[in-house]
>>> print(open('data-v9.cif').read())   # mmCIF, C-alpha atoms (C1' of nucleotides)
data_coords
#
loop_
_atom_site.label_atom_id
_atom_site.label_comp_id
_atom_site.auth_asym_id
_atom_site.auth_seq_id
_atom_site.Cartn_x
_atom_site.Cartn_y
_atom_site.Cartn_z
CA MET A 1 9.39 112.80 51.66
CA ARG A 2 10.23 114.45 54.96
CA PRO A 3 11.46 111.36 56.81
CA SER A 4 13.09 109.81 53.76
CA LYS A 5 16.66 110.97 54.12
CA ARG A 6 16.84 110.10 57.77
CA ASP A 7 15.48 106.65 57.12
CA GLU A 8 17.84 106.22 54.24
CA VAL A 9 20.79 106.97 56.50
CA VAL A 10 19.64 104.42 59.07
CA HIS A 11 18.98 101.69 56.52
CA LYS A 12 22.31 102.09 54.79
CA ALA A 13 24.23 102.47 58.03
CA LEU A 14 22.64 99.23 59.21
CA GLU A 15 24.13 97.30 56.32
CA ILE A 16 27.59 98.77 56.74
CA PHE A 17 27.75 98.46 60.53
CA TYR A 18 26.54 94.89 60.23
CA ARG A 19 29.15 94.04 57.65
CA ASP A 20 32.20 95.83 59.10
CA GLY A 21 31.46 96.46 62.77
CA PHE A 22 30.70 99.60 64.74
CA HIS A 23 34.10 100.87 65.80
CA ALA A 24 35.68 99.84 62.52
CA THR A 25 33.24 101.96 60.54
CA GLY A 26 34.01 105.68 60.53
CA MET A 27 31.54 108.43 59.81
CA ASP A 28 33.59 109.48 56.78
CA GLN A 29 33.43 105.97 55.36
CA LEU A 30 29.71 105.93 56.06
CA ALA A 31 29.24 109.19 54.15
CA ALA A 32 31.37 107.98 51.26
CA GLU A 33 29.61 104.65 50.96
CA THR A 34 26.05 105.88 51.36
CA GLY A 35 26.44 108.98 49.21
CA ILE A 36 24.89 110.99 52.01
CA SER A 37 26.93 113.89 53.26
CA LYS A 38 28.36 113.88 56.74
CA THR A 39 26.71 117.24 57.33
CA THR A 40 23.29 115.71 56.75
CA MET A 41 23.95 112.75 59.01
CA PHE A 42 24.98 114.96 61.88
CA LYS A 43 21.89 117.07 61.34
CA HIS A 44 19.72 114.00 61.93
CA PHE A 45 21.86 112.42 64.64
CA ARG A 46 23.86 114.46 67.09
CA THR A 47 26.44 111.73 67.61
CA LYS A 48 27.53 108.43 66.13
CA GLU A 49 26.11 106.72 69.19
CA GLU A 50 22.65 108.13 68.46
CA LEU A 51 22.88 106.79 64.94
CA ILE A 52 23.86 103.36 66.22
CA LEU A 53 20.92 103.36 68.62
CA ALA A 54 18.59 104.20 65.74
CA VAL A 55 20.13 101.41 63.69
CA LEU A 56 19.54 98.94 66.52
CA ARG A 57 15.94 100.06 66.89
CA LEU A 58 15.38 99.44 63.20
CA ARG A 59 17.11 96.08 63.34
CA ASP A 60 15.04 95.01 66.33
CA GLN A 61 11.84 95.90 64.56
CA VAL A 62 12.78 94.28 61.25
CA PHE A 63 14.21 91.12 62.76
CA ARG A 64 11.40 90.33 65.18
CA ASN A 65 8.85 91.19 62.56
CA TRP A 66 10.49 88.85 60.08
CA LEU A 67 11.02 86.00 62.53
CA PHE A 68 7.59 85.87 64.13
CA ARG A 69 5.78 86.45 60.88
CA ARG A 70 7.77 83.56 59.44
CA MET A 71 6.96 81.39 62.45
CA ALA A 72 3.26 82.25 62.36
CA GLN A 73 3.01 80.72 58.89
CA ALA A 74 3.91 77.34 60.36
CA GLY A 75 0.46 76.87 61.83
CA PRO A 76 -0.20 75.70 65.40
CA PRO A 77 1.94 77.04 68.26
CA ARG A 78 4.11 73.96 68.67
CA ALA A 79 4.96 73.96 64.96
CA GLN A 80 5.71 77.67 65.25
CA LEU A 81 8.33 77.02 67.88
CA ILE A 82 10.05 74.49 65.66
CA ALA A 83 9.76 76.77 62.66
CA MET A 84 12.05 79.24 64.38
CA PHE A 85 14.97 76.97 63.56
CA ASP A 86 13.95 76.65 59.92
CA ALA A 87 13.94 80.42 59.75
CA LEU A 88 17.40 80.47 61.29
CA ALA A 89 18.65 78.00 58.70
CA GLU A 90 17.48 80.29 55.91
CA TRP A 91 19.12 83.25 57.55
CA PHE A 92 22.44 81.44 57.99
CA ALA A 93 22.39 80.49 54.31
CA THR A 94 22.26 84.15 53.31
CA PRO A 95 25.66 85.15 51.90
CA SER A 96 25.62 88.36 53.89
CA PHE A 97 25.01 86.57 57.20
CA ARG A 98 27.46 87.77 59.83
CA SER A 99 26.01 86.75 63.17
CA CYS A 100 23.47 88.67 65.21
CA MET A 101 23.70 92.45 65.21
CA PHE A 102 22.92 92.60 68.93
CA ILE A 103 25.52 90.07 69.94
CA LYS A 104 27.99 92.13 67.95
CA ALA A 105 26.82 95.34 69.58
CA ALA A 106 27.18 93.83 73.03
CA SER A 107 30.63 92.58 72.08
CA GLU A 108 31.80 95.99 71.00
CA TYR A 109 30.18 97.76 73.95
CA PRO A 110 30.81 95.22 76.71
CA ASP A 111 29.85 97.46 79.58
CA PRO A 112 26.27 96.46 80.49
CA HIS A 113 25.51 100.04 81.53
CA HIS A 114 26.35 101.44 78.13
CA PRO A 115 23.18 102.58 76.28
CA ILE A 116 24.06 100.52 73.21
CA HIS A 117 24.58 97.38 75.27
CA ALA A 118 21.38 98.02 77.17
CA GLN A 119 19.40 98.42 73.98
CA ALA A 120 20.80 95.18 72.59
CA ALA A 121 19.73 93.46 75.79
CA GLU A 122 16.26 94.90 75.38
CA HIS A 123 15.95 93.19 72.02
CA LYS A 124 16.67 89.83 73.61
CA ARG A 125 14.08 90.53 76.27
CA LEU A 126 11.41 91.30 73.70
CA LEU A 127 12.28 88.13 71.83
CA PHE A 128 11.87 86.18 75.03
CA LEU A 129 8.48 87.70 75.80
CA GLN A 130 7.09 86.86 72.38
CA LEU A 131 8.49 83.36 72.44
CA ARG A 132 7.09 82.71 75.89
CA GLU A 133 3.64 83.65 74.68
CA ILE A 134 3.84 81.09 71.90
CA ALA A 135 5.11 78.47 74.34
CA ALA A 136 2.16 79.20 76.58
CA ALA A 137 -0.23 78.96 73.63
CA ALA A 138 1.34 75.60 72.81
CA GLY A 139 0.14 74.33 76.16
CA ALA A 140 3.44 74.33 78.01
CA GLY A 141 3.00 74.37 81.75
CA ASP A 142 6.31 76.17 82.13
CA PRO A 143 6.39 78.61 79.23
CA ASP A 144 9.19 80.58 80.88
CA ALA A 145 11.58 77.66 81.01
CA ARG A 146 10.67 76.49 77.51
CA ALA A 147 11.28 79.91 76.02
CA ARG A 148 14.59 80.24 77.85
CA ALA A 149 15.76 76.85 76.61
CA LEU A 150 14.75 77.55 73.03
CA LEU A 151 16.49 80.90 73.07
CA LEU A 152 19.66 79.31 74.38
CA LEU A 153 19.61 77.07 71.33
CA LYS A 154 18.91 80.00 69.04
CA GLU A 155 21.81 82.11 70.33
CA GLY A 156 24.13 79.13 70.29
CA ALA A 157 23.19 78.35 66.71
CA ILE A 158 23.83 81.93 65.60
CA VAL A 159 27.24 82.07 67.20
CA THR A 160 28.18 78.67 65.82
CA ALA A 161 26.99 79.55 62.35
CA HIS A 162 29.21 82.59 62.37
CA LEU A 163 32.23 81.21 64.16
CA GLY A 164 32.22 77.48 63.76
CA HIS A 165 32.87 74.96 61.02
CA GLU A 166 29.64 73.07 61.53
CA PRO A 167 27.57 72.57 58.39
CA ASP A 168 24.12 72.95 59.94
CA PRO A 169 23.92 74.54 63.39
CA ALA A 170 20.27 75.45 62.85
CA GLY A 171 19.47 71.80 62.16
CA ASP A 172 21.37 70.71 65.24
CA ALA A 173 19.46 73.19 67.34
CA LYS A 174 16.21 72.04 65.81
CA SER A 175 16.92 68.43 66.76
CA VAL A 176 17.43 69.42 70.38
CA ALA A 177 14.36 71.64 70.29
CA LEU A 178 12.22 68.78 69.04
CA LYS A 179 13.24 66.74 72.03
CA LEU A 180 12.46 69.64 74.34
CA ILE A 181 8.88 70.09 73.26
CA GLU A 182 7.90 66.62 72.12
CA ASP A 183 5.54 66.37 75.08
CA LEU A 184 3.48 69.35 73.94
CA PRO A 185 0.21 68.71 72.08
CA ALA A 186 0.61 69.19 68.36
CA MET B 1 63.85 86.23 82.47
CA ARG B 2 64.09 86.46 78.69
CA PRO B 3 60.45 85.69 77.88
CA SER B 4 59.09 87.64 80.85
CA LYS B 5 58.36 91.03 79.31
CA ARG B 6 56.73 89.60 76.23
CA ASP B 7 54.50 87.40 78.35
CA GLU B 8 53.69 90.30 80.59
CA VAL B 9 52.51 92.31 77.62
CA VAL B 10 50.27 89.49 76.42
CA HIS B 11 48.78 88.81 79.83
CA LYS B 12 47.98 92.45 80.53
CA ALA B 13 46.73 93.11 77.02
CA LEU B 14 44.40 90.14 77.43
CA GLU B 15 42.69 91.71 80.42
CA ILE B 16 42.30 95.08 78.76
CA PHE B 17 41.13 93.81 75.39
CA TYR B 18 38.66 91.54 77.16
CA ARG B 19 37.32 94.40 79.24
CA ASP B 20 37.16 97.16 76.63
CA GLY B 21 37.25 95.48 73.23
CA PHE B 22 39.86 95.30 70.50
CA HIS B 23 39.16 98.32 68.36
CA ALA B 24 38.27 100.45 71.35
CA THR B 25 41.66 99.82 72.96
CA GLY B 26 44.50 101.86 71.50
CA MET B 27 48.16 100.99 71.73
CA ASP B 28 48.78 104.20 73.68
CA GLN B 29 46.16 103.26 76.22
CA LEU B 30 47.67 99.80 76.41
CA ALA B 31 51.10 101.25 77.10
CA ALA B 32 49.73 103.66 79.69
CA GLU B 33 47.72 101.02 81.53
CA THR B 34 50.32 98.25 81.51
CA GLY B 35 53.27 100.48 82.29
CA ILE B 36 55.12 98.90 79.38
CA SER B 37 56.41 101.30 76.79
CA LYS B 38 54.97 101.30 73.30
CA THR B 39 58.49 100.88 71.93
CA THR B 40 58.86 97.61 73.77
CA MET B 41 55.50 96.30 72.60
CA PHE B 42 56.32 96.99 69.00
CA LYS B 43 59.66 95.30 69.47
CA HIS B 44 57.88 92.09 70.47
CA PHE B 45 54.96 92.41 68.05
CA ARG B 46 55.26 94.04 64.69
CA THR B 47 51.61 95.08 64.59
CA LYS B 48 48.60 95.33 66.85
CA GLU B 49 47.10 92.41 64.97
CA GLU B 50 50.06 90.20 65.90
CA LEU B 51 49.56 91.12 69.53
CA ILE B 52 45.88 90.26 69.34
CA LEU B 53 46.69 86.89 67.80
CA ALA B 54 49.11 86.19 70.63
CA VAL B 55 46.44 87.20 73.14
CA LEU B 56 43.97 84.80 71.55
CA ARG B 57 46.51 81.98 71.61
CA LEU B 58 47.02 82.55 75.32
CA ARG B 59 43.30 82.76 75.97
CA ASP B 60 42.67 79.54 74.08
CA GLN B 61 45.27 77.72 76.10
CA VAL B 62 44.18 79.10 79.46
CA PHE B 63 40.48 78.63 78.87
CA ARG B 64 40.53 75.07 77.56
CA ASN B 65 43.01 74.10 80.22
CA TRP B 66 40.78 75.53 82.93
CA LEU B 67 37.55 74.09 81.56
CA PHE B 68 38.66 70.52 80.90
CA ARG B 69 40.70 70.30 84.09
CA ARG B 70 37.61 71.46 85.93
CA MET B 71 35.45 68.91 84.13
CA ALA B 72 37.88 66.06 84.73
CA GLN B 73 37.44 66.50 88.46
CA ALA B 74 33.80 65.51 88.11
CA GLY B 75 34.66 61.84 87.69
CA PRO B 76 33.15 59.60 85.00
CA PRO B 77 32.70 60.95 81.46
CA ARG B 78 28.98 61.55 81.67
CA ALA B 79 29.40 63.57 84.85
CA GLN B 80 32.19 65.49 83.15
CA LEU B 81 29.85 66.60 80.39
CA ILE B 82 27.38 67.91 82.92
CA ALA B 83 30.13 69.55 84.92
CA MET B 84 30.85 71.84 81.98
CA PHE B 85 27.74 73.81 82.89
CA ASP B 86 28.71 74.07 86.53
CA ALA B 87 32.02 75.51 85.39
CA LEU B 88 30.16 77.99 83.21
CA ALA B 89 28.02 79.05 86.15
CA GLU B 90 31.14 79.84 88.16
CA TRP B 91 32.61 81.78 85.28
CA PHE B 92 29.43 83.83 84.78
CA ALA B 93 29.43 84.72 88.46
CA THR B 94 32.87 86.29 88.16
CA PRO B 95 32.50 90.08 88.35
CA SER B 96 34.84 90.54 85.42
CA PHE B 97 32.84 88.22 83.16
CA ARG B 98 32.19 89.85 79.80
CA SER B 99 31.24 87.07 77.44
CA CYS B 100 33.60 84.88 75.46
CA MET B 101 36.75 86.45 74.09
CA PHE B 102 36.43 84.54 70.82
CA ILE B 103 32.83 85.51 70.20
CA LYS B 104 33.93 89.08 70.77
CA ALA B 105 36.87 88.69 68.42
CA ALA B 106 34.65 87.25 65.72
CA SER B 107 32.20 90.09 66.26
CA GLU B 108 34.86 92.74 65.81
CA TYR B 109 36.48 90.97 62.86
CA PRO B 110 33.39 89.63 61.10
CA ASP B 111 35.14 88.62 57.90
CA PRO B 112 35.70 84.85 58.22
CA HIS B 113 38.91 85.15 56.20
CA HIS B 114 40.47 87.57 58.62
CA PRO B 115 43.30 85.90 60.59
CA ILE B 116 41.80 86.95 63.91
CA HIS B 117 38.40 85.54 63.02
CA ALA B 118 40.00 82.34 61.77
CA GLN B 119 41.94 81.91 64.98
CA ALA B 120 38.82 82.40 67.04
CA ALA B 121 37.12 79.72 64.97
CA GLU B 122 40.04 77.40 65.60
CA HIS B 123 39.44 77.69 69.34
CA LYS B 124 35.86 76.53 68.90
CA ARG B 125 37.05 73.62 66.79
CA LEU B 126 39.50 72.48 69.46
CA LEU B 127 36.77 72.73 72.08
CA PHE B 128 34.58 70.53 69.91
CA LEU B 129 37.27 67.90 69.44
CA GLN B 130 37.93 67.60 73.16
CA LEU B 131 34.25 67.49 74.01
CA ARG B 132 33.57 64.85 71.39
CA GLU B 133 36.22 62.64 72.93
CA ILE B 134 34.53 62.83 76.30
CA ALA B 135 31.16 62.13 74.72
CA ALA B 136 32.64 59.04 73.07
CA ALA B 137 34.16 57.94 76.37
CA ALA B 138 30.75 58.33 77.94
CA GLY B 139 29.45 55.67 75.60
CA ALA B 140 27.56 57.87 73.18
CA GLY B 141 26.95 56.21 69.84
CA ASP B 142 26.92 59.58 68.14
CA PRO B 143 29.63 61.58 69.92
CA ASP B 144 29.70 64.14 67.12
CA ALA B 145 26.05 65.09 67.47
CA ARG B 146 26.23 65.09 71.25
CA ALA B 147 29.23 67.37 71.31
CA ARG B 148 27.62 69.73 68.82
CA ALA B 149 24.42 69.92 70.85
CA LEU B 150 26.26 70.55 74.11
CA LEU B 151 28.35 73.27 72.52
CA LEU B 152 25.25 74.97 71.18
CA LEU B 153 24.02 75.16 74.74
CA LYS B 154 27.36 76.43 75.98
CA GLU B 155 27.58 79.26 73.43
CA GLY B 156 23.97 80.17 73.99
CA ALA B 157 24.50 80.32 77.74
CA ILE B 158 27.54 82.56 77.36
CA VAL B 159 25.75 85.02 75.10
CA THR B 160 22.69 85.06 77.33
CA ALA B 161 24.77 85.55 80.46
CA HIS B 162 26.38 88.59 78.91
CA LEU B 163 23.42 90.07 77.08
CA GLY B 164 20.29 88.82 78.77
CA HIS B 165 18.43 89.41 81.99
CA GLU B 166 18.15 85.74 82.88
CA PRO B 167 19.34 84.87 86.38
CA ASP B 168 20.90 81.50 85.58
CA PRO B 169 21.60 80.70 81.93
CA ALA B 170 24.16 78.07 82.90
CA GLY B 171 21.54 76.29 84.98
CA ASP B 172 19.05 76.45 82.14
CA ALA B 173 21.60 74.99 79.77
CA LYS B 174 22.42 72.29 82.29
CA SER B 175 18.78 71.25 82.51
CA VAL B 176 18.60 70.79 78.76
CA ALA B 177 21.94 68.99 78.72
CA LEU B 178 20.71 66.52 81.33
CA LYS B 179 17.84 65.62 79.08
CA LEU B 180 20.19 65.21 76.15
CA ILE B 181 22.44 62.65 77.77
CA GLU B 182 20.14 60.93 80.24
CA ASP B 183 20.35 57.78 78.16
CA LEU B 184 24.11 57.49 78.61
CA PRO B 185 25.45 55.05 81.26
CA ALA B 186 26.50 56.87 84.39
"C1'" DC C 1 8.27 136.17 44.80
"C1'" DC C 2 9.90 135.37 49.18
"C1'" DG C 3 11.01 132.61 53.39
"C1'" DT C 4 11.96 128.49 55.36
"C1'" DA C 5 13.61 124.02 55.48
"C1'" DT C 6 16.70 120.47 53.72
"C1'" DA C 7 20.73 118.94 51.70
"C1'" DT C 8 25.09 119.69 49.71
"C1'" DG C 9 30.70 119.75 49.33
"C1'" DA C 10 34.71 121.00 51.34
"C1'" DA C 11 37.53 122.85 54.49
"C1'" DC C 12 38.60 122.57 59.11
"C1'" DC C 13 39.02 121.30 64.34
"C1'" DG C 14 41.65 118.90 68.21
"C1'" DA C 15 42.33 114.25 69.42
"C1'" DT C 16 43.64 109.81 68.66
"C1'" DC C 17 44.90 106.06 65.55
"C1'" DG C 18 48.85 102.45 64.51
"C1'" DG C 19 53.56 102.74 64.06
"C1'" DT C 20 58.64 104.74 63.92
"C1'" DG C 21 63.05 107.06 65.29
"C1'" DC C 22 66.27 108.27 68.50
"C1'" DA C 23 68.87 109.01 72.42
"C1'" DG C 24 69.57 107.29 76.92
"C1'" DT C 25 69.57 103.85 80.88
"C1'" DA C 26 69.66 99.59 83.42
"C1'" DT C 27 71.26 94.80 83.61
"C1'" DG C 28 74.07 90.84 83.10
"C1'" DG C 29 77.87 87.90 80.92
"C1'" DC C 30 82.56 87.99 79.72
"C1'" DG D 1 85.76 97.56 82.37
"C1'" DC D 2 83.19 96.42 78.10
"C1'" DC D 3 79.79 95.15 75.02
"C1'" DA D 4 75.30 93.43 73.93
"C1'" DT D 5 70.65 93.14 75.02
"C1'" DA D 6 66.38 94.87 76.88
"C1'" DC D 7 63.75 98.52 78.03
"C1'" DT D 8 62.72 103.29 78.58
"C1'" DG D 9 60.57 108.15 77.50
"C1'" DC D 10 59.39 111.19 74.12
"C1'" DA D 11 58.83 113.34 70.08
"C1'" DC D 12 57.18 112.55 65.72
"C1'" DC D 13 54.81 110.62 61.36
"C1'" DG D 14 50.66 110.59 58.11
"C1'" DA D 15 46.08 109.04 58.50
"C1'" DT D 16 41.81 108.86 60.47
"C1'" DC D 17 38.72 109.66 64.34
"C1'" DG D 18 34.06 112.09 65.70
"C1'" DG D 19 32.27 116.41 64.97
"C1'" DT D 20 31.75 121.58 63.29
"C1'" DT D 21 31.52 125.60 60.27
"C1'" DC D 22 30.14 127.93 56.27
"C1'" DA D 23 28.65 129.21 52.08
"C1'" DT D 24 25.72 127.46 48.57
"C1'" DA D 25 22.08 125.04 46.17
"C1'" DT D 26 17.55 123.12 45.68
"C1'" DA D 27 12.80 122.72 46.68
"C1'" DC D 28 8.46 123.68 48.65
"C1'" DG D 29 4.47 126.45 50.77
"C1'" DG D 30 2.60 131.04 51.63
#
>>> encode(input="data-v9.cif", output="structure tokens")
Amino acid sequence: MRPSKRDEVVHKALEIFYRDGFHATGMDQLAAETGISKTTMFKHFRTKEELILAVLRLRDQVFRNWLFRRMAQAGPPRAQLIAMFDALAEWFATPSFRSCMFIKAASEYPDPHHPIHAQAAEHKRLLFLQLREIAAAAGAGDPDARARALLLLKEGAIVTAHLGHEPDPAGDAKSVALKLIEDLPA
Amino acid sequence: MRPSKRDEVVHKALEIFYRDGFHATGMDQLAAETGISKTTMFKHFRTKEELILAVLRLRDQVFRNWLFRRMAQAGPPRAQLIAMFDALAEWFATPSFRSCMFIKAASEYPDPHHPIHAQAAEHKRLLFLQLREIAAAAGAGDPDARARALLLLKEGAIVTAHLGHEPDPAGDAKSVALKLIEDLPA
DNA sequence: CCGTATATGAACCGATCGGTGCAGTATGGC
DNA sequence: GCCATACTGCACCGATCGGTTCATATACGG
């Protein structure tokens, strides 16, 4: 019961920030929409920035957990790599999909030295490390380069799904990915 | 002389919005930093949103002009496609590089029905159309799919250059692109 | 039963938000 | 010399910004 309110704030703030943006969402709106008083929020987080950082930590944990768990179900490492794009396709089909929270955070806090930007960058780094491990397990001689290439496709697909008119960016990315790792042992 | 002040506003606002973001930049700050009075700005643009739309129109024109002019210098169509990634590398190396203005706009105005989001999407569509033409000229049987794949790489490289720790996302994207169009006649 | 911790609503703070009103100045064509 | 146009500074508007204060209410553990 002790950590419940704090967690509730973070979870609900995540939804609202994701839907409306960081700067566009005021603390008053947040209080009104979550039903949690502003006083309580500022007791758990000294500033809005601290709340945003907590939101990004939660999002990082939830997203990577979801993605790699989803990929692990695909079986052998090479199939896991491909499965990433099937997972993306499902995500894009969600009605509430509005691009990647970390791309948005970096867009709203463009200065690379800003703590929020830096934390968003950290998420991408962790993604890369996990993906590289799978690429190595798949028998790639250059797991670094493979992981970098696959992540390029992932980020491109996300941006295109949010901003473009293409019907299936995840499928397009998957096609390219297949070509990139067709030499790996199944 | 007549259109000079209006253009000056748009050009200077472009720099500032690109550097600091849309919501984070107030009209007062804009007036202070450009040396152009707020009264004048609101005489040329009825709202901040109108100014942002004008900024995006300018950015679209300047960016596509720069990119495709730069690509055209590379010679035959297939080389032009590859040259896109060399152009990106140059752009990323610019000290003022802070991702793509349209990705940022879509991030700050996540609702696809918002005029600003829609205009950002239009930029991506125009990019696609021009790139598809080059792919067709290069002899690709499926210019649509080629253009989509190359644009995925481009968007991914931009995001990674802004948000990631990778030393050369444009080079990584170029390597993948080479594989994607190696079958085309030089 | 008391003390502490947690959460509440509501009023309030100075600053800034997008946007307006007004009076005054500089410039150029006639 | 005159009038229109363009631009200016500056004060002002109501609303909202992030953040604080305070008095109160509820709940739990000793």
>>> axis_aligned_box(input="data-v9.cif", around="segment 48-66 of chain A", padding_each_side="8 Å", output="JSON")
{"center_x": 18.2, "center_y": 98.6, "center_z": 64.6, "size_x": 34.7, "size_y": 35.6, "size_z": 25.1}
>>> resolve_selection(input="data-v9.cif", expression="the PyMOL selection byres ((chain A) within 10 of (chain C))", output="number ranges by chain")
A: 2, 5, 36-40, 43
>>> residues_around(input="data-v9.cif", residues="segment 92-101 of chain B", least_positions_apart="3", cutoff="6 Å", atoms="all atoms listed in the file", output="ChimeraX atom specification")
/B:89,104,158,162
>>> write_last_selection(input="data-v9.cif", atoms="C-alpha atoms", output="compact mmCIF listing (two decimals), in the coordinates of the input")
# COMPACT_ATOMS: atom_id res chain seq x y z
CA ALA B 89 28.02 79.05 86.15
CA LYS B 104 33.93 89.08 70.77
CA ILE B 158 27.54 82.56 77.36
CA HIS B 162 26.38 88.59 78.91
>>> atom_distance(input="data-v9.cif", atom1="atom CA of His23 of chain A", atom2="atom CA of Leu153 of chain B")
29.0 Å
>>> interface_residues(input="data-v9.cif", of="chain A", to="chain D", cutoff="8 Å", atoms="all atoms listed in the file", output="list in words")
Gly26, Met27, Thr47 and Lys48 of chain A
>>> atom_distance(input="data-v9.cif", atom1="atom CA of Met41 of chain A", atom2="atom CA of Lys12 of chain A")
11.6 Å
>>> resolve_selection(input="data-v9.cif", expression="the PyMOL selection byres ((chain A) within 7 of (chain B))", output="CSV table (one decimal) with C-alpha atoms, in the coordinates of the input")
chain,number,residue,atom,x,y,z
A,20,ASP,CA,32.2,95.8,59.1
A,21,GLY,CA,31.5,96.5,62.8
A,23,HIS,CA,34.1,100.9,65.8
A,24,ALA,CA,35.7,99.8,62.5
A,98,ARG,CA,27.5,87.8,59.8
A,104,LYS,CA,28.0,92.1,68.0
A,106,ALA,CA,27.2,93.8,73.0
A,107,SER,CA,30.6,92.6,72.1
A,108,GLU,CA,31.8,96.0,71.0
A,110,PRO,CA,30.8,95.2,76.7
A,121,ALA,CA,19.7,93.5,75.8
A,124,LYS,CA,16.7,89.8,73.6
A,125,ARG,CA,14.1,90.5,76.3
A,149,ALA,CA,15.8,76.8,76.6
A,152,LEU,CA,19.7,79.3,74.4
A,153,LEU,CA,19.6,77.1,71.3
A,155,GLU,CA,21.8,82.1,70.3
A,156,GLY,CA,24.1,79.1,70.3
A,157,ALA,CA,23.2,78.4,66.7
A,159,VAL,CA,27.2,82.1,67.2
A,163,LEU,CA,32.2,81.2,64.2
A,164,GLY,CA,32.2,77.5,63.8
A,172,ASP,CA,21.4,70.7,65.2
A,173,ALA,CA,19.5,73.2,67.3
>>> resolve_selection(input="data-v9.cif", expression="the PyMOL selection byres ((chain B and resi 13) around 10)", output="list in words")
Asp7, Glu8, Val9, Val10, His11, Lys12, Leu14, Glu15, Ile16, Phe17, Tyr18, Arg19, Phe22, Thr25, Met27, Leu30, Ala31, Glu33, Thr34, Leu51, Ile52, Ala54 and Val55 of chain B
>>> residues_around(input="data-v9.cif", residues="Ile181 of chain A", least_positions_apart="2", cutoff="10 Å", atoms="only C-alpha atoms (C1' of nucleotides)", output="ChimeraX atom specification")
/A:78-79,81-82,135,138,140,146,150,176-179,183-186
